[in-house]
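Participant: Input structure: data16.cif, which contains mmCIF, C-alpha atoms and all ligand atoms.
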```cif
data_work
#
loop_
_atom_site.label_atom_id
_atom_site.label_comp_id
_atom_site.auth_asym_id
_atom_site.auth_seq_id
_atom_site.Cartn_x
_atom_site.Cartn_y
_atom_site.Cartn_z
CA MET Y 1 -20.23 52.21 -63.00
CA ALA Y 2 -19.35 50.28 -66.14
CA PRO Y 3 -19.47 52.43 -69.30
CA PHE Y 4 -22.34 51.87 -71.71
CA SER Y 5 -21.40 49.50 -74.51
CA SER Y 6 -24.64 49.33 -76.45
CA CYS Y 7 -27.20 51.78 -77.78
CA THR Y 8 -29.88 50.05 -75.69
CA ASP Y 9 -28.10 50.20 -72.30
CA VAL Y 10 -29.98 52.15 -69.65
CA ARG Y 11 -29.08 53.78 -66.32
CA PRO Y 12 -28.61 51.15 -63.59
CA GLU Y 13 -31.53 52.62 -61.62
CA VAL Y 14 -33.76 52.10 -64.64
CA ALA Y 15 -32.53 48.55 -65.21
CA GLU Y 16 -33.72 47.68 -61.69
CA PHE Y 17 -37.29 48.84 -62.32
CA GLU Y 18 -39.94 46.17 -62.51
CA ALA Y 19 -42.76 46.53 -64.99
CA TYR Y 20 -45.91 48.02 -63.50
CA GLU Y 21 -48.40 45.20 -63.08
CA PRO Y 22 -51.88 46.51 -63.54
CA GLY Y 23 -54.62 44.42 -61.92
CA LEU Y 24 -57.39 43.04 -64.11
CA SER Y 25 -59.73 45.71 -65.41
CA MET Y 26 -63.35 45.77 -64.28
CA GLU Y 27 -64.38 44.51 -67.72
CA GLU Y 28 -61.86 41.64 -67.63
CA ILE Y 29 -63.15 40.55 -64.23
CA ARG Y 30 -66.74 40.77 -65.41
CA LEU Y 31 -65.98 38.51 -68.38
CA ARG Y 32 -63.72 36.07 -66.52
CA TYR Y 33 -66.28 35.29 -63.82
CA GLY Y 34 -69.37 35.78 -65.99
CA LEU Y 35 -70.75 38.58 -63.83
CA ASP Y 36 -73.42 41.18 -64.53
CA GLN Y 37 -71.79 43.88 -62.49
CA VAL Y 38 -68.44 44.58 -60.95
CA ILE Y 39 -67.82 46.98 -58.07
CA LYS Y 40 -64.42 48.54 -57.59
CA LEU Y 41 -63.51 49.65 -54.08
CA ALA Y 42 -59.78 49.35 -54.65
CA SER Y 43 -58.29 52.73 -55.51
CA ASN Y 44 -59.82 55.22 -53.09
CA GLU Y 45 -61.74 56.92 -55.86
CA ASN Y 46 -64.79 59.06 -55.23
CA PRO Y 47 -67.91 56.83 -55.28
CA LEU Y 48 -70.10 59.74 -56.37
CA GLY Y 49 -68.27 59.98 -59.68
CA VAL Y 50 -67.32 63.19 -61.49
CA PRO Y 51 -68.86 66.37 -60.01
CA PRO Y 52 -71.66 67.58 -62.35
CA SER Y 53 -70.09 71.04 -62.34
CA ALA Y 54 -66.79 69.61 -63.58
CA ARG Y 55 -68.56 67.65 -66.32
CA GLU Y 56 -70.13 70.83 -67.64
CA ALA Y 57 -66.85 72.72 -67.44
CA MET Y 58 -65.05 70.00 -69.38
CA LYS Y 59 -67.73 69.91 -72.07
CA ALA Y 60 -67.37 73.63 -72.56
CA ALA Y 61 -63.56 73.38 -72.59
CA ILE Y 62 -63.49 70.76 -75.34
CA CYS Y 63 -63.86 73.55 -77.90
CA GLN Y 64 -60.62 75.08 -76.62
CA ALA Y 65 -58.66 71.83 -76.91
CA HIS Y 66 -56.81 72.97 -80.03
CA ARG Y 67 -55.12 75.66 -77.86
CA TYR Y 68 -52.20 75.11 -75.52
CA PRO Y 69 -53.03 75.61 -71.85
CA GLN Y 70 -51.99 78.92 -70.37
CA GLY Y 71 -48.47 78.56 -68.95
CA GLY Y 72 -48.47 78.38 -65.16
CA ASN Y 73 -52.20 77.48 -65.03
CA PRO Y 74 -53.01 80.88 -63.45
CA LYS Y 75 -56.75 80.29 -63.30
CA LEU Y 76 -56.41 77.20 -61.12
CA VAL Y 77 -53.58 78.68 -59.07
CA GLN Y 78 -55.68 81.75 -58.32
CA ALA Y 79 -58.70 79.63 -57.38
CA LEU Y 80 -56.58 77.58 -54.96
CA ALA Y 81 -54.95 80.70 -53.52
CA SER Y 82 -58.36 82.20 -52.72
CA ARG Y 83 -59.68 78.96 -51.34
CA TYR Y 84 -56.79 78.49 -48.92
CA ARG Y 85 -55.99 82.17 -48.37
CA VAL Y 86 -52.33 81.85 -49.32
CA GLY Y 87 -50.38 83.85 -51.85
CA PRO Y 88 -50.52 82.40 -55.38
CA GLU Y 89 -46.70 82.46 -55.42
CA ARG Y 90 -46.79 79.53 -52.99
CA ILE Y 91 -49.03 77.30 -55.08
CA PHE Y 92 -47.83 74.74 -57.59
CA VAL Y 93 -50.10 72.53 -59.67
CA GLY Y 94 -49.16 69.48 -61.67
CA ASN Y 95 -50.22 66.30 -63.41
CA GLY Y 96 -51.34 64.60 -60.21
CA SER Y 97 -49.47 64.71 -56.92
CA ASP Y 98 -47.34 62.15 -58.69
CA GLU Y 99 -45.71 64.87 -60.77
CA LEU Y 100 -45.00 66.98 -57.71
CA ILE Y 101 -43.40 64.04 -55.89
CA ASP Y 102 -41.23 63.32 -58.90
CA LEU Y 103 -40.16 66.96 -59.27
CA LEU Y 104 -39.39 67.34 -55.57
CA PHE Y 105 -36.81 64.57 -55.76
CA ARG Y 106 -35.26 66.02 -58.89
CA VAL Y 107 -35.27 69.62 -57.65
CA ARG Y 108 -34.22 69.09 -54.03
CA ALA Y 109 -31.85 66.12 -54.08
CA VAL Y 110 -28.49 65.74 -55.77
CA PRO Y 111 -28.21 62.10 -56.92
CA GLY Y 112 -25.69 60.13 -54.90
CA VAL Y 113 -25.24 62.96 -52.38
CA HIS Y 114 -28.55 63.76 -50.74
CA ASN Y 115 -31.05 61.38 -49.20
CA ALA Y 116 -34.74 61.39 -48.31
CA VAL Y 117 -36.69 59.71 -45.51
CA ALA Y 118 -40.15 58.16 -45.33
CA PHE Y 119 -41.98 55.54 -43.31
CA SER Y 120 -42.33 51.91 -44.29
CA PRO Y 121 -44.82 51.03 -45.63
CA CYS Y 122 -45.38 54.23 -47.58
CA PHE Y 123 -46.93 55.43 -50.83
CA GLY Y 124 -45.23 53.60 -53.70
CA LEU Y 125 -44.45 56.74 -55.67
CA TYR Y 126 -41.99 57.98 -53.04
CA VAL Y 127 -40.01 54.80 -53.57
CA THR Y 128 -40.10 54.67 -57.37
CA GLN Y 129 -39.39 58.36 -57.96
CA ALA Y 130 -36.52 58.43 -55.45
CA LYS Y 131 -35.01 55.52 -57.31
CA MET Y 132 -35.59 57.12 -60.70
CA ALA Y 133 -33.87 60.26 -59.43
CA GLY Y 134 -30.92 58.24 -58.10
CA VAL Y 135 -31.63 59.37 -54.54
CA GLU Y 136 -31.34 57.13 -51.50
CA LEU Y 137 -34.67 56.76 -49.68
CA ARG Y 138 -34.27 55.74 -46.03
CA ARG Y 139 -37.28 54.06 -44.47
CA ALA Y 140 -38.35 53.88 -40.82
CA PRO Y 141 -40.88 51.19 -39.98
CA LEU Y 142 -44.20 52.40 -38.64
CA GLY Y 143 -44.77 51.51 -35.01
CA LYS Y 144 -47.26 49.16 -33.41
CA ASP Y 145 -50.67 49.25 -35.10
CA PHE Y 146 -49.17 51.43 -37.83
CA GLU Y 147 -48.63 54.44 -35.53
CA PHE Y 148 -46.17 57.07 -36.76
CA ASP Y 149 -42.77 56.70 -35.11
CA PHE Y 150 -41.31 60.18 -35.60
CA ASP Y 151 -38.26 59.48 -33.43
CA ALA Y 152 -37.29 56.61 -35.71
CA LEU Y 153 -37.77 58.79 -38.78
CA LEU Y 154 -35.73 61.61 -37.27
CA ASN Y 155 -32.95 59.15 -36.43
CA LEU Y 156 -32.53 58.38 -40.12
CA THR Y 157 -31.84 62.00 -41.06
CA ASP Y 158 -28.46 63.68 -41.34
CA GLU Y 159 -27.09 66.90 -42.84
CA ASN Y 160 -27.63 65.46 -46.34
CA THR Y 161 -31.31 64.71 -45.83
CA THR Y 162 -33.21 67.15 -48.01
CA LEU Y 163 -36.70 65.62 -48.07
CA ALA Y 164 -38.91 63.94 -45.46
CA PHE Y 165 -42.25 62.53 -46.62
CA VAL Y 166 -45.13 61.94 -44.22
CA THR Y 167 -48.59 60.94 -45.45
CA SER Y 168 -51.41 62.10 -43.19
CA PRO Y 169 -53.92 60.55 -43.16
CA ASP Y 170 -51.65 57.68 -44.09
CA ASN Y 171 -52.15 55.22 -46.91
CA PRO Y 172 -52.82 52.32 -46.43
CA SER Y 173 -53.46 52.61 -42.67
CA GLY Y 174 -55.84 55.59 -42.69
CA ARG Y 175 -54.22 56.99 -39.55
CA VAL Y 176 -53.69 60.69 -39.11
CA ALA Y 177 -50.49 62.16 -37.65
CA ARG Y 178 -51.09 64.35 -34.60
CA PRO Y 179 -50.42 67.95 -35.69
CA GLU Y 180 -48.47 68.70 -32.50
CA ARG Y 181 -46.21 65.74 -33.11
CA LEU Y 182 -45.73 66.62 -36.77
CA LYS Y 183 -44.80 70.21 -35.87
CA ALA Y 184 -42.26 69.04 -33.31
CA PHE Y 185 -40.81 66.73 -35.96
CA ALA Y 186 -40.60 69.60 -38.47
CA ARG Y 187 -38.77 71.78 -35.94
CA ALA Y 188 -36.28 69.03 -35.12
CA LEU Y 189 -35.29 68.32 -38.74
CA PRO Y 190 -31.81 69.29 -39.98
CA PRO Y 191 -31.74 72.69 -41.69
CA ALA Y 192 -31.54 71.42 -45.29
CA CYS Y 193 -34.59 69.19 -44.94
CA LEU Y 194 -38.05 70.04 -46.29
CA LEU Y 195 -40.92 68.18 -44.64
CA VAL Y 196 -43.50 67.25 -47.27
CA VAL Y 197 -46.85 66.36 -45.74
CA ASP Y 198 -48.93 64.44 -48.25
CA GLU Y 199 -52.50 65.39 -47.36
CA ALA Y 200 -54.17 63.57 -50.25
CA TYR Y 201 -56.92 62.41 -47.89
CA MET Y 202 -56.99 65.26 -45.36
CA GLU Y 203 -60.44 66.51 -46.37
CA PHE Y 204 -61.94 63.30 -44.96
CA ALA Y 205 -60.28 63.70 -41.54
CA ASP Y 206 -61.69 65.44 -38.48
CA GLU Y 207 -61.21 69.19 -38.27
CA GLY Y 208 -57.90 70.53 -37.05
CA GLN Y 209 -55.61 67.77 -38.31
CA SER Y 210 -54.01 69.69 -41.19
CA LEU Y 211 -50.92 71.86 -40.93
CA LEU Y 212 -52.25 74.08 -43.69
CA ALA Y 213 -53.48 76.85 -41.41
CA GLU Y 214 -50.14 76.99 -39.63
CA LEU Y 215 -47.76 77.00 -42.58
CA ASP Y 216 -46.70 80.60 -41.88
CA SER Y 217 -44.99 79.47 -38.70
CA LEU Y 218 -43.48 76.38 -40.34
CA PRO Y 219 -40.97 77.58 -42.95
CA ASN Y 220 -39.63 74.08 -43.71
CA VAL Y 221 -43.01 72.45 -44.39
CA ALA Y 222 -44.79 71.87 -47.70
CA ILE Y 223 -48.24 70.38 -48.18
CA MET Y 224 -49.42 68.27 -51.10
CA ARG Y 225 -53.05 67.72 -52.01
CA THR Y 226 -54.96 66.31 -54.94
CA PHE Y 227 -58.17 66.46 -56.94
CA SER Y 228 -58.15 62.66 -57.22
CA LYS Y 229 -60.07 61.84 -54.06
CA VAL Y 230 -62.65 64.20 -52.55
CA TYR Y 231 -63.04 66.12 -55.85
CA GLY Y 232 -63.74 62.99 -57.93
CA LEU Y 233 -61.21 63.70 -60.69
CA ALA Y 234 -58.60 60.91 -60.39
CA GLY Y 235 -58.60 60.28 -64.13
CA MET Y 236 -57.93 63.93 -64.97
CA ARG Y 237 -54.60 63.93 -63.07
CA ILE Y 238 -54.49 67.13 -60.98
CA GLY Y 239 -52.41 67.58 -57.86
CA TYR Y 240 -51.16 70.68 -56.07
CA GLY Y 241 -48.72 71.80 -53.47
CA ILE Y 242 -48.44 74.72 -51.08
CA LEU Y 243 -44.72 75.32 -50.66
CA PRO Y 244 -42.19 77.99 -49.77
CA ALA Y 245 -42.46 80.55 -52.61
CA ILE Y 246 -38.83 80.16 -53.68
CA LEU Y 247 -39.29 76.44 -54.21
CA THR Y 248 -42.56 76.93 -56.06
CA ASP Y 249 -40.72 79.24 -58.42
CA TYR Y 250 -38.10 76.59 -59.18
CA LEU Y 251 -40.74 73.91 -59.64
CA TRP Y 252 -42.50 76.04 -62.25
CA ARG Y 253 -39.24 76.59 -64.08
CA VAL Y 254 -38.59 72.85 -64.49
CA ARG Y 255 -42.11 71.48 -64.87
CA LEU Y 256 -42.99 70.41 -68.40
CA PRO Y 257 -44.76 73.53 -69.65
CA PHE Y 258 -48.16 72.02 -70.38
CA SER Y 259 -48.36 69.05 -68.05
CA LEU Y 260 -51.79 70.07 -66.79
CA ASN Y 261 -54.18 70.01 -69.72
CA ILE Y 262 -57.03 72.41 -70.49
CA LEU Y 263 -59.86 70.02 -69.56
CA ALA Y 264 -58.18 69.16 -66.27
CA GLU Y 265 -57.69 72.78 -65.31
CA GLU Y 266 -61.31 73.72 -66.08
CA ALA Y 267 -62.60 70.64 -64.25
CA ALA Y 268 -60.52 71.46 -61.18
CA VAL Y 269 -61.67 75.08 -60.99
CA ALA Y 270 -65.30 73.97 -61.28
CA ALA Y 271 -64.92 71.19 -58.69
CA LEU Y 272 -63.25 73.58 -56.27
CA GLY Y 273 -66.30 75.83 -56.40
CA ASP Y 274 -68.79 72.95 -56.07
CA GLU Y 275 -69.53 73.07 -52.38
CA ALA Y 276 -72.56 70.76 -52.70
CA PHE Y 277 -70.52 67.95 -54.27
CA PHE Y 278 -67.75 68.40 -51.73
CA LEU Y 279 -70.11 68.14 -48.77
CA ASP Y 280 -71.93 65.20 -50.33
CA SER Y 281 -68.60 63.38 -50.77
CA LEU Y 282 -67.64 64.00 -47.17
CA ARG Y 283 -70.98 62.79 -45.87
CA THR Y 284 -70.92 59.67 -48.05
CA VAL Y 285 -67.40 58.79 -46.96
CA ARG Y 286 -67.86 59.49 -43.26
CA GLU Y 287 -71.10 57.52 -43.02
CA GLY Y 288 -69.75 54.65 -45.10
CA ARG Y 289 -66.52 54.57 -43.13
CA ALA Y 290 -68.38 54.29 -39.84
CA LEU Y 291 -70.61 51.51 -41.18
CA ILE Y 292 -67.79 49.45 -42.68
CA SER Y 293 -65.51 49.85 -39.65
CA ARG Y 294 -68.22 48.89 -37.21
CA GLU Y 295 -69.45 45.85 -39.12
CA LEU Y 296 -65.98 44.50 -39.95
CA LYS Y 297 -65.17 44.68 -36.23
CA GLU Y 298 -68.37 42.83 -35.42
CA MET Y 299 -67.18 40.08 -37.77
CA GLY Y 300 -64.02 39.78 -35.71
CA CYS Y 301 -61.69 41.62 -38.12
CA SER Y 302 -58.84 43.83 -36.92
CA VAL Y 303 -59.69 47.30 -38.16
CA ILE Y 304 -57.32 50.27 -38.11
CA PRO Y 305 -59.22 53.44 -37.15
CA SER Y 306 -59.45 55.45 -40.37
CA GLN Y 307 -59.58 59.20 -40.94
CA SER Y 308 -59.61 58.62 -44.67
CA ASN Y 309 -61.87 57.33 -47.45
CA PHE Y 310 -60.66 53.74 -47.06
CA ILE Y 311 -60.31 51.18 -44.30
CA MET Y 312 -57.47 48.79 -43.67
CA PHE Y 313 -58.46 45.53 -42.03
CA SER Y 314 -57.34 41.99 -41.42
CA PRO Y 315 -59.80 39.08 -41.35
CA PRO Y 316 -60.08 37.08 -38.11
CA ALA Y 317 -57.31 34.50 -37.67
CA GLY Y 318 -58.42 30.93 -38.26
CA ARG Y 319 -61.44 31.92 -40.35
CA ILE Y 320 -60.10 33.02 -43.71
CA GLU Y 321 -56.80 34.47 -44.87
CA ALA Y 322 -56.63 37.91 -46.41
CA LYS Y 323 -55.48 36.51 -49.72
CA ALA Y 324 -58.36 34.05 -49.91
CA LEU Y 325 -60.92 36.66 -48.90
CA HIS Y 326 -59.61 38.96 -51.60
CA ALA Y 327 -59.89 36.19 -54.22
CA ARG Y 328 -63.40 35.18 -53.19
CA LEU Y 329 -64.61 38.78 -53.28
CA LEU Y 330 -63.12 39.10 -56.74
CA GLU Y 331 -65.00 36.04 -58.00
CA ARG Y 332 -68.18 37.79 -56.95
CA GLY Y 333 -67.26 41.01 -58.68
CA MET Y 334 -66.05 42.95 -55.63
CA ILE Y 335 -62.59 44.41 -56.17
CA ILE Y 336 -60.72 45.59 -53.10
CA ARG Y 337 -56.99 46.15 -52.57
CA SER Y 338 -54.66 43.44 -51.37
CA LEU Y 339 -51.59 44.92 -49.71
CA GLY Y 340 -48.94 42.50 -50.89
CA SER Y 341 -47.09 45.30 -52.67
CA TYR Y 342 -46.92 47.10 -49.30
CA ARG Y 343 -45.54 43.88 -47.80
CA LEU Y 344 -48.66 43.54 -45.66
CA PRO Y 345 -50.05 40.21 -46.90
CA GLU Y 346 -52.31 39.81 -43.86
CA TRP Y 347 -54.10 43.07 -44.55
CA LEU Y 348 -56.64 44.34 -47.05
CA ARG Y 349 -57.79 47.85 -47.90
CA VAL Y 350 -61.31 48.71 -48.98
CA SER Y 351 -62.36 52.11 -50.29
CA VAL Y 352 -65.63 53.53 -49.03
CA GLY Y 353 -68.28 53.26 -51.74
CA LEU Y 354 -71.94 54.16 -52.10
CA GLU Y 355 -74.17 52.78 -49.38
CA ARG Y 356 -75.43 49.86 -51.48
CA GLU Y 357 -71.85 49.01 -52.51
CA ASN Y 358 -70.70 49.08 -48.89
CA ARG Y 359 -73.58 46.84 -47.84
CA LEU Y 360 -72.87 44.37 -50.61
CA PHE Y 361 -69.19 44.30 -49.62
CA LEU Y 362 -70.16 43.66 -45.99
CA ASP Y 363 -72.66 40.93 -46.92
CA LEU Y 364 -70.00 39.13 -48.95
CA CYS Y 365 -67.46 39.46 -46.12
CA ARG Y 366 -69.95 38.05 -43.65
CA GLU Y 367 -70.54 35.10 -45.96
CA PHE Y 368 -66.83 34.34 -46.51
CA ILE Y 369 -65.70 35.00 -42.96
CA GLY Y 370 -68.58 32.90 -41.68
CA ALA Y 371 -69.50 35.37 -38.93
C1 LIG L 1 -54.07 58.88 -54.02
C2 LIG L 1 -52.82 59.45 -53.41
C3 LIG L 1 -52.24 60.61 -53.92
C4 LIG L 1 -52.82 61.31 -55.11
O1 LIG L 1 -52.06 61.11 -56.23
P1 LIG L 1 -52.49 61.79 -57.61
O2 LIG L 1 -51.26 61.66 -58.43
O3 LIG L 1 -52.81 63.23 -57.30
O4 LIG L 1 -53.67 61.06 -58.14
C5 LIG L 1 -51.13 61.12 -53.31
N1 LIG L 1 -50.59 60.52 -52.22
C6 LIG L 1 -51.12 59.41 -51.70
C7 LIG L 1 -50.52 58.80 -50.49
C8 LIG L 1 -52.24 58.83 -52.29
O5 LIG L 1 -52.75 57.70 -51.78
#
```
Write the structure described by the file as structure tokens, please.

Facilitator:
Amino acid sequence: MAPFSSCTDVRPEVAEFEAYEPGLSMEEIRLRYGLDQVIKLASNENPLGVPPSAREAMKAAICQAHRYPQGGNPKLVQALASRYRVGPERIFVGNGSDELIDLLFRVRAVPGVHNAVAFSPCFGLYVTQAKMAGVELRRAPLGKDFEFDFDALLNLTDENTTLAFVTSPDNPSGRVARPERLKAFARALPPACLLVVDEAYMEFADEGQSLLAELDSLPNVAIMRTFSKVYGLAGMRIGYGILPAILTDYLWRVRLPFSLNILAEEAAVAALGDEAFFLDSLRTVREGRALISRELKEMGCSVIPSQSNFIMFSPPAGRIEAKALHARLLERGMIIRSLGSYRLPEWLRVSVGLERENRLFLDLCREFIGA
């Protein structure tokens, strides 16, 4: 590498980064198209909003905001430990799963020596944080209809592979990895490799799809989850991991001491205890998912079976292209996700909303597809 010559030179990995391009905000779209209301079904957020219990907890915590959070967030760690019946020494919490992903690369991979593996397409953060850490990320394409191809992923690993990321249910496909297959994959990995199963959407899947209950017999597996989806707290930035205790210990040592703020911690503890909100979210998502999947299929769309809170679909060939459908929905105030950044220009992803939002989305699709 050429030596730095100026006080504004940056690491080559950083120089390659492209600026994050945020989409138009809901307010910008409302103004641009002169709309009364805008509906956002683009980011897999919880359509029910913030759990009432978490709102109350945050209000009460505001008066403590002049204090630093307690190091190690013991209150939340303990609540998660009880909930999942694992020792608190195995639980790590951070500023969104995003922070955990970032730290895993920096803790488990020596830049320029170790590598990581993931599928393609995959969650964008795996790609950006690997790059930021200077770690090679090897990608195996998903199989036909976005099925997991674990043999292809395994083929990319070698003795220097220290991380393997699998998202289940996957984003953007919504597919869940069969637990038996995932376990066989974990057992076949080289000894230095930690399998990280990103279960951000697992609560929405059918029973028995998570590896969480079997972690004791899977020493090289870690699980990541989040409060951003089923718990309705995406804006508060709270993610957590259940990992081998030794790794958790290292993660705590290097995490910025106060990355999880006081309001976030109180909100998370309250949401975790709010069984009514949790069940309501599940019911809303499962019913909405069934409705959207069924009706999109009736319109002739290709629909990937989803175990998540979103649905990936492709409009019928010859009727309207994905890009055009996305634009026309936007003009009418319906924001869904185009998948260009996943290099899937033919596909769109819609998050499950409230029933009236889902019906409006479907009515607009019917109009634009002409079904
Ligand atoms: C939404 C999502 C997360 C959650 O990220 P947070 O930083 O906790 O909001 C993690 N992984 C995937 C694949 C996701 O789609």

Participant: When distances are computed from all atoms listed in the file, which of Y:Val107, Y:Ala140, Y:Met202, Y:Ala15 shows the smallest separation from ligand LIG 1 (chain L)?

Facilitator: Y:Met202

Participant: With a cut-off of 12 Å, could you pull out the residues of region 117-151 of chain Y touching region 168-174 of chain Y and give me the nearest pair of atoms for each, distance in Å to one decimal, using all atoms listed in the file, ordered by chain and ascending number, as JSON lines?

Facilitator:
```
{"residue": "Y:Ala118", "atom": "CA", "partner": "Y:Asp170", "partner_atom": "CA", "distance": 11.6}
{"residue": "Y:Phe119", "atom": "CA", "partner": "Y:Asp170", "partner_atom": "CA", "distance": 9.9}
{"residue": "Y:Ser120", "atom": "CA", "partner": "Y:Asn171", "partner_atom": "CA", "distance": 10.7}
{"residue": "Y:Pro121", "atom": "CA", "partner": "Y:Pro172", "partner_atom": "CA", "distance": 8.1}
{"residue": "Y:Cys122", "atom": "CA", "partner": "Y:Asn171", "partner_atom": "CA", "distance": 6.9}
{"residue": "Y:Phe123", "atom": "CA", "partner": "Y:Asn171", "partner_atom": "CA", "distance": 6.5}
{"residue": "Y:Gly124", "atom": "CA", "partner": "Y:Asn171", "partner_atom": "CA", "distance": 9.8}
{"residue": "Y:Leu125", "atom": "CA", "partner": "Y:Asn171", "partner_atom": "CA", "distance": 11.8}
{"residue": "Y:Leu142", "atom": "CA", "partner": "Y:Ser173", "partner_atom": "CA", "distance": 10.1}
{"residue": "Y:Gly143", "atom": "CA", "partner": "Y:Ser173", "partner_atom": "CA", "distance": 11.6}
{"residue": "Y:Lys144", "atom": "CA", "partner": "Y:Ser173", "partner_atom": "CA", "distance": 11.7}
{"residue": "Y:Asp145", "atom": "CA", "partner": "Y:Ser173", "partner_atom": "CA", "distance": 8.7}
{"residue": "Y:Phe146", "atom": "CA", "partner": "Y:Ser173", "partner_atom": "CA", "distance": 6.6}
{"residue": "Y:Glu147", "atom": "CA", "partner": "Y:Ser173", "partner_atom": "CA", "distance": 8.8}
{"residue": "Y:Phe148", "atom": "CA", "partner": "Y:Asp170", "partner_atom": "CA", "distance": 9.2}
```

Participant: When you look at Gly94 (chain Y) with a cut-off of 12 Å (counting all atoms listed in the file), what residues show up, excluding the ones that are within fewer than 2 positions of it in the same chain? I need them as number ranges by chain.

Facilitator: Y: 71-73, 76-77, 91-92, 96-104, 224-227, 236-242, 248, 251-252, 254-261, 264-265, 268

Participant: Using the selection just defined, write its residues with C-alpha atoms as a PDB file, in the frame of the given file.

Facilitator:
```pdb
ATOM      1  CA  GLY Y  71     -48.470  78.560 -68.950  1.00  0.00           C
ATOM      2  CA  GLY Y  72     -48.470  78.380 -65.160  1.00  0.00           C
ATOM      3  CA  ASN Y  73     -52.200  77.480 -65.030  1.00  0.00           C
ATOM      4  CA  LEU Y  76     -56.410  77.200 -61.120  1.00  0.00           C
ATOM      5  CA  VAL Y  77     -53.580  78.680 -59.070  1.00  0.00           C
ATOM      6  CA  ILE Y  91     -49.030  77.300 -55.080  1.00  0.00           C
ATOM      7  CA  PHE Y  92     -47.830  74.740 -57.590  1.00  0.00           C
ATOM      8  CA  GLY Y  96     -51.340  64.600 -60.210  1.00  0.00           C
ATOM      9  CA  SER Y  97     -49.470  64.710 -56.920  1.00  0.00           C
ATOM     10  CA  ASP Y  98     -47.340  62.150 -58.690  1.00  0.00           C
ATOM     11  CA  GLU Y  99     -45.710  64.870 -60.770  1.00  0.00           C
ATOM     12  CA  LEU Y 100     -45.000  66.980 -57.710  1.00  0.00           C
ATOM     13  CA  ILE Y 101     -43.400  64.040 -55.890  1.00  0.00           C
ATOM     14  CA  ASP Y 102     -41.230  63.320 -58.900  1.00  0.00           C
ATOM     15  CA  LEU Y 103     -40.160  66.960 -59.270  1.00  0.00           C
ATOM     16  CA  LEU Y 104     -39.390  67.340 -55.570  1.00  0.00           C
ATOM     17  CA  MET Y 224     -49.420  68.270 -51.100  1.00  0.00           C
ATOM     18  CA  ARG Y 225     -53.050  67.720 -52.010  1.00  0.00           C
ATOM     19  CA  THR Y 226     -54.960  66.310 -54.940  1.00  0.00           C
ATOM     20  CA  PHE Y 227     -58.170  66.460 -56.940  1.00  0.00           C
ATOM     21  CA  MET Y 236     -57.930  63.930 -64.970  1.00  0.00           C
ATOM     22  CA  ARG Y 237     -54.600  63.930 -63.070  1.00  0.00           C
ATOM     23  CA  ILE Y 238     -54.490  67.130 -60.980  1.00  0.00           C
ATOM     24  CA  GLY Y 239     -52.410  67.580 -57.860  1.00  0.00           C
ATOM     25  CA  TYR Y 240     -51.160  70.680 -56.070  1.00  0.00           C
ATOM     26  CA  GLY Y 241     -48.720  71.800 -53.470  1.00  0.00           C
ATOM     27  CA  ILE Y 242     -48.440  74.720 -51.080  1.00  0.00           C
ATOM     28  CA  THR Y 248     -42.560  76.930 -56.060  1.00  0.00           C
ATOM     29  CA  LEU Y 251     -40.740  73.910 -59.640  1.00  0.00           C
ATOM     30  CA  TRP Y 252     -42.500  76.040 -62.250  1.00  0.00           C
ATOM     31  CA  VAL Y 254     -38.590  72.850 -64.490  1.00  0.00           C
ATOM     32  CA  ARG Y 255     -42.110  71.480 -64.870  1.00  0.00           C
ATOM     33  CA  LEU Y 256     -42.990  70.410 -68.400  1.00  0.00           C
ATOM     34  CA  PRO Y 257     -44.760  73.530 -69.650  1.00  0.00           C
ATOM     35  CA  PHE Y 258     -48.160  72.020 -70.380  1.00  0.00           C
ATOM     36  CA  SER Y 259     -48.360  69.050 -68.050  1.00  0.00           C
ATOM     37  CA  LEU Y 260     -51.790  70.070 -66.790  1.00  0.00           C
ATOM     38  CA  ASN Y 261     -54.180  70.010 -69.720  1.00  0.00           C
ATOM     39  CA  ALA Y 264     -58.180  69.160 -66.270  1.00  0.00           C
ATOM     40  CA  GLU Y 265     -57.690  72.780 -65.310  1.00  0.00           C
ATOM     41  CA  ALA Y 268     -60.520  71.460 -61.180  1.00  0.00           C
TER      42      ALA Y 268
END
```

Participant: Go through Y:Asp198, Y:Glu331, Y:Glu275, Y:Glu287 and flag the residue nearest ligand LIG 1 (chain L), using only C-alpha atoms and all ligand atoms for the distances.

Facilitator: Y:Asp198

Participant: Excluding Leu279 (chain Y) and its own-chain neighbours fewer than 5 positions away, which residues fall within 12 Å of it when counting all atoms listed in the file? Please give them as a list in words.

Facilitator: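 What passes the distance filter is Leu48, Pro51, Glu203, Phe204, Val230, Tyr231, Ala271, Leu272, Gly273, Asp274, Thr284, Val285 and Arg286 of chain Y.
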
Participant: Would you mind telling me which residue in Y:Pro345, Y:Gly49, Y:Pro74, Y:Gly318 lies nearest to Ala234 (chain Y) when using all atoms listed in the file?

Facilitator: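 Closest to Ala234 (chain Y) of all the choices is Y:Gly49.
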
Participant: When distances are computed from only C-alpha atoms and all ligand atoms, which of Y:Tyr201, Y:Phe105, Y:Phe4, Y:Tyr84 shows the smallest separation from ligand LIG 1 (chain L)?

Facilitator: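 Among the listed residues, the smallest separation from ligand LIG 1 (chain L) belongs to Y:Tyr201.
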
Participant: So what do you get for CA of Arg289 (chain Y) versus CA of Gly235 (chain Y), distance-wise?

Facilitator: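 These two atoms are separated by 23.2 Å.
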